[in-house]
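A quick write-up on the structure given underneath.
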There are 2 protein chains.
Amino acid sequence: MTKLKLTYFDFSGGRAEPARLAMHIGEVPFEDYRFAASDFPEVRKATPLNQVPTLHVNDVQITQSDAIIRYVGRLAGLYPEDDFQALLCDEAMGALEDINIKIGASFGLKGDDLETARDALATGALPQYLRWLQKQLENHGGQFLADNRLTIADLKAFVILHWLSSGKLDHIPSDLIATVAPKLEEYMNRVAKIPAIAQYYANRGPS
Amino acid sequence: MTKLKLTYFDFSGGRAEPARLAMHIGEVPFEDYRFAASDFPEVRKATPLNQVPTLHVNDVQITQSDAIIRYVGRLAGLYPEDDFQALLCDEAMGALEDINIKIGASFGLKGDDLETARDALATGALPQYLRWLQKQLENHGGQFLADNRLTIADLKAFVILHWLSSGKLDHIPSDLIATVAPKLEEYMNRVAKIPAIAQYYANRGPS
């Protein structure tokens, strides 16, 4: 049997969380190795490209979060079999990763520079992406981003939307999603109530 | 039959080129719609996220280049069927996209700022990624990045390695790959000689 070990920061978010959720939902056994932020300088030295998450598949250490999410998504039965539905799933994953990258670029900024960069995101790229995601939902049945069922695209969307509305990102209004893409807000709340997801967070405690 | 139309700049490179190559190699019929750079402001207005490439699949316009490459790669028979080999293929695609993003971030800079940013890439991130790609090759048989055969990961690698060594990127030495990852240079030259690829560029003329 394939032995899986996921290595990431010890918090309920970020680039590994969709993989954790997928394996939990699909009952794919894995070691959920979590390290403290203070240990990151040490941990990253042992990774292929100085980045986390990584996934050990038996003895092979894999990098690149979306590759990892797609792989465990297949194992968990949460990736479309149909080519066109897989395309829609991958398209949403790619757009969501754009959001990660755009917000990531503002980390490390301080004071006025941070405020300027985040304001630009909150009034420019983020509304654009959020409205696009809402339109994808509407165009594909209103419930899920692809395949008319829960896929890894929804898990990645859920994690990122939750982050955007957490109030933890300075200068990103926590009601941004509700304001610019209200159906996306409803969608996020619906995904949160999917039994396997609700149970996962009930057991872990608040993120 | 599914009607495909790829929309991108009129040059032999960038984020659409691996999709063009995949469809050419796999003999997947498509409309190769190319526009002049001066038309980009107009073209982008009609795209989902103001970005190219897009792929029309019948009447649905799809964004996100790696999603597009993976989809046409499946149609062309250039994407692994095996889950683990698909993971290796996706992992390489993700790392290659990191290179696109890192170089992309230096576009728009000028003078000393450009030189500083590009020097940092040429001595830091690029050698790191190039050595990693070389190691992936070596670990997986030496010929291809995944599945012991040509996949979309090789097509994306080929396009990006060709760009890096073209001399068209100011302050990126055209012998960087040969210097830091010589087996990657050999690999790039080998991929260029694959008959369907050599024939494609012979017919198109120099890029």
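Identifiers in the structure tokens: chain A, B, ... in order shown; residue index from 1 per chain; ligand index from 1 in order shown.
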
**OP:** Once DSSP has gone over the backbone, tell me which residues of region 133-190 of chain B are in alpha helix (DSSP H), as a PyMOL selection string.
**Re:** chain B and resi 133-139+152-164+176-180+182-190

Selected residues written out, N, CA and C atoms, as an mmCIF file, in the first residue's frame:
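Below you can see part.cif, which holds the result:
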```
data_model
loop_
_atom_site.group_PDB
_atom_site.id
_atom_site.type_symbol
_atom_site.label_atom_id
_atom_site.label_comp_id
_atom_site.auth_asym_id
_atom_site.auth_seq_id
_atom_site.Cartn_x
_atom_site.Cartn_y
_atom_site.Cartn_z
ATOM 1 N N LEU B 133 15.045 20.322 -11.986
ATOM 2 C CA LEU B 133 14.514 19.677 -13.197
ATOM 3 C C LEU B 133 15.479 18.616 -13.720
ATOM 4 N N GLN B 134 16.768 18.931 -13.689
ATOM 5 C CA GLN B 134 17.770 17.960 -14.119
ATOM 6 C C GLN B 134 17.713 16.711 -13.243
ATOM 7 N N LYS B 135 17.534 16.922 -11.936
ATOM 8 C CA LYS B 135 17.443 15.787 -11.014
ATOM 9 C C LYS B 135 16.186 14.959 -11.286
ATOM 10 N N GLN B 136 15.092 15.648 -11.605
ATOM 11 C CA GLN B 136 13.860 14.910 -11.942
ATOM 12 C C GLN B 136 14.101 14.009 -13.154
ATOM 13 N N LEU B 137 14.731 14.567 -14.171
ATOM 14 C CA LEU B 137 15.085 13.794 -15.355
ATOM 15 C C LEU B 137 15.902 12.560 -14.986
ATOM 16 N N GLU B 138 16.978 12.822 -14.237
ATOM 17 C CA GLU B 138 17.890 11.724 -13.863
ATOM 18 C C GLU B 138 17.153 10.651 -13.054
ATOM 19 N N ASN B 139 16.266 11.102 -12.163
ATOM 20 C CA ASN B 139 15.549 10.146 -11.306
ATOM 21 C C ASN B 139 14.505 9.336 -12.061
ATOM 22 N N ILE B 152 3.117 16.388 -21.659
ATOM 23 C CA ILE B 152 3.006 17.848 -21.666
ATOM 24 C C ILE B 152 4.043 18.508 -20.764
ATOM 25 N N ALA B 153 4.545 17.802 -19.748
ATOM 26 C CA ALA B 153 5.601 18.383 -18.899
ATOM 27 C C ALA B 153 6.844 18.656 -19.741
ATOM 28 N N ASP B 154 7.170 17.732 -20.642
ATOM 29 C CA ASP B 154 8.334 17.943 -21.509
ATOM 30 C C ASP B 154 8.085 19.098 -22.473
ATOM 31 N N LEU B 155 6.869 19.227 -22.961
ATOM 32 C CA LEU B 155 6.573 20.318 -23.900
ATOM 33 C C LEU B 155 6.699 21.667 -23.195
ATOM 34 N N LYS B 156 6.192 21.739 -21.968
ATOM 35 C CA LYS B 156 6.302 22.998 -21.213
ATOM 36 C C LYS B 156 7.769 23.277 -20.881
ATOM 37 N N ALA B 157 8.495 22.235 -20.484
ATOM 38 C CA ALA B 157 9.927 22.399 -20.189
ATOM 39 C C ALA B 157 10.665 22.879 -21.434
ATOM 40 N N PHE B 158 10.381 22.265 -22.553
ATOM 41 C CA PHE B 158 11.049 22.612 -23.804
ATOM 42 C C PHE B 158 10.844 24.094 -24.130
ATOM 43 N N VAL B 159 9.605 24.569 -24.031
ATOM 44 C CA VAL B 159 9.298 25.971 -24.368
ATOM 45 C C VAL B 159 10.021 26.926 -23.417
ATOM 46 N N ILE B 160 10.022 26.612 -22.143
ATOM 47 C CA ILE B 160 10.632 27.527 -21.160
ATOM 48 C C ILE B 160 12.159 27.476 -21.241
ATOM 49 N N LEU B 161 12.725 26.292 -21.402
ATOM 50 C CA LEU B 161 14.191 26.178 -21.502
ATOM 51 C C LEU B 161 14.693 26.892 -22.758
ATOM 52 N N HIS B 162 13.941 26.763 -23.832
ATOM 53 C CA HIS B 162 14.280 27.429 -25.085
ATOM 54 C C HIS B 162 14.285 28.949 -24.891
ATOM 55 N N TRP B 163 13.298 29.436 -24.159
ATOM 56 C CA TRP B 163 13.168 30.873 -23.870
ATOM 57 C C TRP B 163 14.343 31.351 -23.015
ATOM 58 N N LEU B 164 14.644 30.576 -21.981
ATOM 59 C CA LEU B 164 15.741 30.959 -21.075
ATOM 60 C C LEU B 164 17.083 31.027 -21.798
ATOM 61 N N LEU B 176 23.213 29.765 -19.413
ATOM 62 C CA LEU B 176 22.909 29.430 -18.012
ATOM 63 C C LEU B 176 22.581 27.941 -17.845
ATOM 64 N N ILE B 177 21.728 27.414 -18.721
ATOM 65 C CA ILE B 177 21.326 26.010 -18.586
ATOM 66 C C ILE B 177 22.531 25.105 -18.794
ATOM 67 N N ALA B 178 23.306 25.381 -19.845
ATOM 68 C CA ALA B 178 24.496 24.565 -20.125
ATOM 69 C C ALA B 178 25.453 24.576 -18.939
ATOM 70 N N THR B 179 25.529 25.708 -18.247
ATOM 71 C CA THR B 179 26.455 25.846 -17.127
ATOM 72 C C THR B 179 25.961 25.127 -15.877
ATOM 73 N N VAL B 180 24.701 25.349 -15.502
ATOM 74 C CA VAL B 180 24.249 24.816 -14.212
ATOM 75 C C VAL B 180 23.578 23.447 -14.313
ATOM 76 N N PRO B 182 23.797 20.828 -17.332
ATOM 77 C CA PRO B 182 24.119 20.436 -18.715
ATOM 78 C C PRO B 182 23.239 19.317 -19.268
ATOM 79 N N LYS B 183 22.771 18.418 -18.405
ATOM 80 C CA LYS B 183 21.917 17.335 -18.923
ATOM 81 C C LYS B 183 20.554 17.849 -19.365
ATOM 82 N N LEU B 184 20.176 18.990 -18.819
ATOM 83 C CA LEU B 184 18.924 19.627 -19.211
ATOM 84 C C LEU B 184 19.077 20.255 -20.602
ATOM 85 N N GLU B 185 20.263 20.747 -20.853
ATOM 86 C CA GLU B 185 20.570 21.294 -22.186
ATOM 87 C C GLU B 185 20.483 20.187 -23.238
ATOM 88 N N GLU B 186 21.108 19.044 -22.926
ATOM 89 C CA GLU B 186 21.037 17.890 -23.857
ATOM 90 C C GLU B 186 19.592 17.458 -24.084
ATOM 91 N N TYR B 187 18.846 17.436 -22.976
ATOM 92 C CA TYR B 187 17.421 17.055 -23.024
ATOM 93 C C TYR B 187 16.643 18.007 -23.934
ATOM 94 N N MET B 188 16.862 19.314 -23.774
ATOM 95 C CA MET B 188 16.177 20.310 -24.603
ATOM 96 C C MET B 188 16.480 20.071 -26.083
ATOM 97 N N ASN B 189 17.731 19.796 -26.375
ATOM 98 C CA ASN B 189 18.126 19.558 -27.767
ATOM 99 C C ASN B 189 17.513 18.262 -28.307
ATOM 100 N N ARG B 190 17.416 17.262 -27.426
ATOM 101 C CA ARG B 190 16.803 15.995 -27.834
ATOM 102 C C ARG B 190 15.318 16.177 -28.155
#
```

Original post:
Counting only C-alpha atoms, which residues from chain B have an atom at most 6 Å from any atom of chain A, and could you show them as a PyMOL selection string?
Top reply: chain B and resi 64+67+71+87+90-91+94

Original post:
Residues at most 9 Å from Gln61 (chain A), counting only C-alpha atoms, excluding those fewer than 3 positions away in the same chain, as a ChimeraX atom specification?
Top reply: /A:5,47-48,54-58
